[in-house]
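K.L.:
For reference, this is upload_32.json, and it has JSON, C-alpha atoms.
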[["chain", "number", "residue", "atom", "x", "y", "z"],
["A", 10, "MET", "CA", 0.00, 0.00, 0.00],
["A", 11, "THR", "CA", 1.41, 3.41, -0.96],
["A", 12, "PRO", "CA", 1.32, 6.28, 1.51],
["A", 13, "ASP", "CA", -1.34, 8.93, 1.01],
["A", 14, "PRO", "CA", 0.38, 12.22, -0.01],
["A", 15, "THR", "CA", -2.22, 14.28, 1.86],
["A", 16, "THR", "CA", -1.41, 12.69, 5.22],
["A", 17, "THR", "CA", 2.33, 12.19, 4.84],
["A", 18, "THR", "CA", 4.30, 14.71, 6.85],
["A", 19, "HIS", "CA", 7.84, 15.77, 6.15],
["A", 20, "PRO", "CA", 10.06, 17.59, 8.62],
["A", 21, "ALA", "CA", 10.64, 21.21, 7.72],
["A", 22, "THR", "CA", 14.16, 21.66, 6.45],
["A", 23, "PRO", "CA", 15.70, 25.04, 5.72],
["A", 24, "ARG", "CA", 17.00, 25.76, 2.26],
["A", 25, "SER", "CA", 20.67, 24.94, 1.91],
["A", 26, "THR", "CA", 23.38, 27.05, 0.42],
["A", 27, "PRO", "CA", 25.99, 25.35, -1.78],
["A", 28, "ASN", "CA", 28.86, 26.03, 0.66],
["A", 29, "THR", "CA", 27.27, 24.85, 3.89],
["A", 30, "PRO", "CA", 24.70, 22.09, 3.64],
["A", 31, "GLY", "CA", 21.87, 22.30, 6.17],
["A", 32, "THR", "CA", 22.35, 26.02, 6.94],
["A", 33, "ARG", "CA", 21.13, 29.23, 5.41],
["A", 34, "ASP", "CA", 21.58, 32.92, 6.02],
["A", 35, "ALA", "CA", 18.66, 35.32, 5.83],
["A", 36, "SER", "CA", 18.81, 38.42, 3.69],
["A", 37, "PRO", "CA", 20.77, 41.14, 5.51],
["A", 38, "ARG", "CA", 18.07, 43.74, 4.75],
["A", 39, "GLY", "CA", 14.37, 43.67, 5.40],
["A", 40, "GLY", "CA", 11.53, 44.59, 3.10],
["A", 41, "PHE", "CA", 11.48, 48.28, 4.02],
["A", 42, "ALA", "CA", 15.23, 48.91, 4.21],
["A", 43, "SER", "CA", 17.17, 51.12, 1.82],
["A", 44, "ALA", "CA", 20.66, 50.52, 0.45],
["A", 45, "THR", "CA", 22.28, 53.10, 2.74],
["A", 46, "VAL", "CA", 21.32, 55.17, 5.78],
["A", 47, "PRO", "CA", 21.81, 58.54, 3.98],
["A", 48, "ARG", "CA", 19.53, 57.37, 1.15],
["A", 49, "HIS", "CA", 16.91, 56.31, 3.68],
["A", 50, "LEU", "CA", 17.14, 59.64, 5.51],
["A", 51, "ALA", "CA", 16.78, 61.48, 2.18],
["A", 52, "ARG", "CA", 13.63, 59.48, 1.44],
["A", 53, "GLY", "CA", 12.34, 60.44, 4.87],
["A", 54, "ALA", "CA", 13.07, 64.11, 4.28],
["A", 55, "VAL", "CA", 11.24, 64.05, 0.95],
["A", 56, "GLY", "CA", 8.33, 62.05, 2.36],
["A", 57, "PHE", "CA", 7.79, 64.01, 5.55],
["A", 58, "GLY", "CA", 8.45, 67.29, 3.73],
["A", 59, "ALA", "CA", 5.84, 66.50, 1.10],
["A", 60, "LEU", "CA", 3.26, 65.48, 3.73],
["A", 61, "ALA", "CA", 3.95, 68.60, 5.79],
["A", 62, "GLY", "CA", 3.84, 70.75, 2.67],
["A", 63, "ALA", "CA", 0.52, 69.25, 1.65],
["A", 64, "LEU", "CA", -1.00, 70.31, 4.95],
["A", 65, "ALA", "CA", 0.84, 73.62, 5.38],
["A", 66, "LEU", "CA", 0.04, 74.88, 1.87],
["A", 67, "LEU", "CA", -3.63, 73.92, 2.13],
["A", 68, "PRO", "CA", -4.77, 77.43, 3.23],
["A", 69, "VAL", "CA", -2.66, 79.08, 0.51],
["A", 70, "THR", "CA", -3.24, 76.89, -2.54],
["A", 71, "GLY", "CA", -6.36, 75.02, -1.53],
["A", 72, "PRO", "CA", -6.93, 71.38, -2.43],
["A", 73, "VAL", "CA", -4.17, 71.52, -5.07],
["A", 74, "SER", "CA", -1.59, 71.17, -2.28],
["A", 75, "LEU", "CA", -3.00, 67.72, -1.49],
["A", 76, "LEU", "CA", -1.27, 66.48, -4.64],
["A", 77, "LEU", "CA", 1.91, 66.41, -2.52],
["A", 78, "ALA", "CA", 0.42, 63.78, -0.19],
["A", 79, "PRO", "CA", 0.83, 60.82, -2.62],
["A", 80, "VAL", "CA", 4.42, 61.91, -3.29],
["A", 81, "GLY", "CA", 5.10, 61.80, 0.45],
["A", 82, "LEU", "CA", 3.44, 58.42, 0.87],
["A", 83, "ILE", "CA", 5.40, 56.94, -2.02],
["A", 84, "ALA", "CA", 8.67, 58.27, -0.61],
["A", 85, "LEU", "CA", 7.82, 56.79, 2.80],
["A", 86, "ARG", "CA", 6.77, 53.50, 1.17],
["A", 87, "GLY", "CA", 3.24, 53.67, 2.42],
["A", 88, "CYS", "CA", 3.25, 55.22, 5.86],
["A", 89, "PRO", "CA", 5.50, 56.94, 8.38],
["A", 90, "MET", "CA", 5.68, 53.75, 10.47],
["A", 91, "CYS", "CA", 6.87, 51.80, 7.42],
["A", 92, "TRP", "CA", 9.64, 54.36, 6.99],
["A", 93, "ALA", "CA", 10.61, 54.04, 10.68],
["A", 94, "ILE", "CA", 10.74, 50.24, 10.43],
["A", 95, "GLY", "CA", 12.88, 50.60, 7.30],
["A", 96, "LEU", "CA", 15.24, 52.92, 9.18],
["A", 97, "VAL", "CA", 15.76, 50.29, 11.88],
["A", 98, "GLU", "CA", 16.29, 47.61, 9.21],
["A", 99, "THR", "CA", 18.73, 49.81, 7.30],
["A", 100, "VAL", "CA", 20.78, 50.64, 10.39],
["A", 101, "SER", "CA", 20.89, 47.02, 11.58],
["A", 102, "ALA", "CA", 21.66, 45.54, 8.13],
["A", 103, "GLY", "CA", 25.03, 43.88, 8.22],
["A", 104, "ARG", "CA", 25.29, 44.02, 12.01],
["A", 105, "LEU", "CA", 23.10, 41.03, 12.78],
["A", 106, "ARG", "CA", 23.02, 37.74, 10.95],
["A", 107, "ARG", "CA", 20.38, 35.07, 11.28],
["A", 108, "SER", "CA", 21.46, 31.53, 10.55],
["A", 109, "CYS", "CA", 19.26, 28.48, 10.61],
["A", 110, "THR", "CA", 20.61, 24.98, 11.17],
["A", 111, "ASN", "CA", 18.42, 21.89, 11.38],
["A", 112, "GLY", "CA", 15.27, 23.91, 12.02],
["A", 113, "ARG", "CA", 16.80, 26.09, 14.74],
["A", 114, "CYS", "CA", 17.53, 29.74, 14.01],
["A", 115, "GLU", "CA", 19.67, 32.17, 15.98],
["A", 116, "LEU", "CA", 20.90, 35.76, 15.68],
["A", 117, "THR", "CA", 24.59, 36.52, 15.93],
["A", 118, "HIS", "CA", 26.48, 39.81, 15.91],
["A", 119, "VAL", "CA", 28.79, 40.23, 12.94],
["A", 120, "THR", "CA", 32.18, 41.58, 13.93],
["A", 121, "ARG", "CA", 33.89, 43.75, 11.38],
["A", 122, "SER", "CA", 37.64, 43.88, 11.29]]
Would you mind writing the file's structure down as structure tokens?
P.N.:
Amino acid sequence: MTPDPTTTTHPATPRSTPNTPGTRDASPRGGFASATVPRHLARGAVGFGALAGALALLPVTGPVSLLLAPVGLIALRGCPMCWAIGLVETVSAGRLRRSCTNGRCELTHVTRS
């Protein structure tokens, strides 16, 4: 009798890299991170500046100033909290490394020499 594929369970195994079988390293940057901290801060300046400008210019230019709001949201990648999370990810990129071995993952500090 052959095993039923719907009831057969397989242990979860992490993807292997060619150099070290059974281990893998996660991406050093998260989904909201930028390539560099200055680039991320520039995006923040553009995003927060556009949002502030949209509200500050409202009495002067009327609803036309609200056209700056989408520019600000695009620069912040959706919301101010998303930008803040990206800042933390950008700053911590390359300083922490997650490695998974045999289903167990741990964070280690990367020392730079």
K.L.:
When you draw a straight line from atom CA of A:Thr117 to atom CA of A:Ala102, how long is it in Å?
P.N.:
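Atom CA of A:Ala102 lies 12.3 Å from atom CA of A:Thr117.
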K.L.:
Restricting the calculation to all atoms listed in the file: of A:Leu96, A:Leu116, A:Leu77, A:Leu67, which residue gets closest to A:Ala44?
P.N.:
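Ranking A:Leu96, A:Leu116, A:Leu77, A:Leu67 by distance to A:Ala44, first place goes to A:Leu96.
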K.L.:
For the point (0.4, 72.1, 0.2) in file coordinates, what residues are within 12 Å, counting all atoms listed in the file? Give the answer as an MDAnalysis selection string?
P.N.:
chainID A and resid 58:81
K.L.:
Print the selection's residues with C-alpha atoms to a file, as a compact mmCIF listing (two decimals), in the coordinates of the input.
P.N.:
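What ended up in result15.txt:
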# COMPACT_ATOMS: atom_id res chain seq x y z
CA GLY A 58 8.45 67.29 3.73
CA ALA A 59 5.84 66.50 1.10
CA LEU A 60 3.26 65.48 3.73
CA ALA A 61 3.95 68.60 5.79
CA GLY A 62 3.84 70.75 2.67
CA ALA A 63 0.52 69.25 1.65
CA LEU A 64 -1.00 70.31 4.95
CA ALA A 65 0.84 73.62 5.38
CA LEU A 66 0.04 74.88 1.87
CA LEU A 67 -3.63 73.92 2.13
CA PRO A 68 -4.77 77.43 3.23
CA VAL A 69 -2.66 79.08 0.51
CA THR A 70 -3.24 76.89 -2.54
CA GLY A 71 -6.36 75.02 -1.53
CA PRO A 72 -6.93 71.38 -2.43
CA VAL A 73 -4.17 71.52 -5.07
CA SER A 74 -1.59 71.17 -2.28
CA LEU A 75 -3.00 67.72 -1.49
CA LEU A 76 -1.27 66.48 -4.64
CA LEU A 77 1.91 66.41 -2.52
CA ALA A 78 0.42 63.78 -0.19
CA PRO A 79 0.83 60.82 -2.62
CA VAL A 80 4.42 61.91 -3.29
CA GLY A 81 5.10 61.80 0.45
K.L.:
Give the answer as one residue: which of A:His118, A:Pro47, A:Phe57, A:Cys109 has the shortest atom-to-atom distance to A:Pro89, using only C-alpha atoms?
P.N.:
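That would be A:Phe57, the residue with the smallest distance to A:Pro89.
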K.L.:
Calculate how many Å separate atom CA of A:Val100 from atom CA of A:Leu82, rounding to one decimal.
P.N.:
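Interatomic distance here is 21.3 Å.
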K.L.:
Which residue is closest to A:His49? Choose from A:Cys91, A:Thr99, A:Arg86, A:Val119 and count only C-alpha atoms.
P.N.:
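Among A:Cys91, A:Thr99, A:Arg86, A:Val119, it is A:Thr99 that comes nearest to A:His49.
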K.L.:
What is the distance, in Å and to one decimal place, between atom CA of A:Phe41 and atom CA of A:Ser108?
P.N.:
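If I compute the distance from atom CA of A:Phe41 to atom CA of A:Ser108, I get 20.6 Å.
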K.L.:
Pick the closest to A:Ser43 from A:Trp92, A:Leu105, A:Arg113, A:Thr120: which is it, counting only C-alpha atoms?
P.N.:
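Smallest separation from A:Ser43 among the options: A:Trp92.
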K.L.:
Got a sec to check which residues sit within 10 Å of (15.4, 59.3, 4.8), counting all atoms listed in the file, and write them as a count of residues only?
P.N.:
20
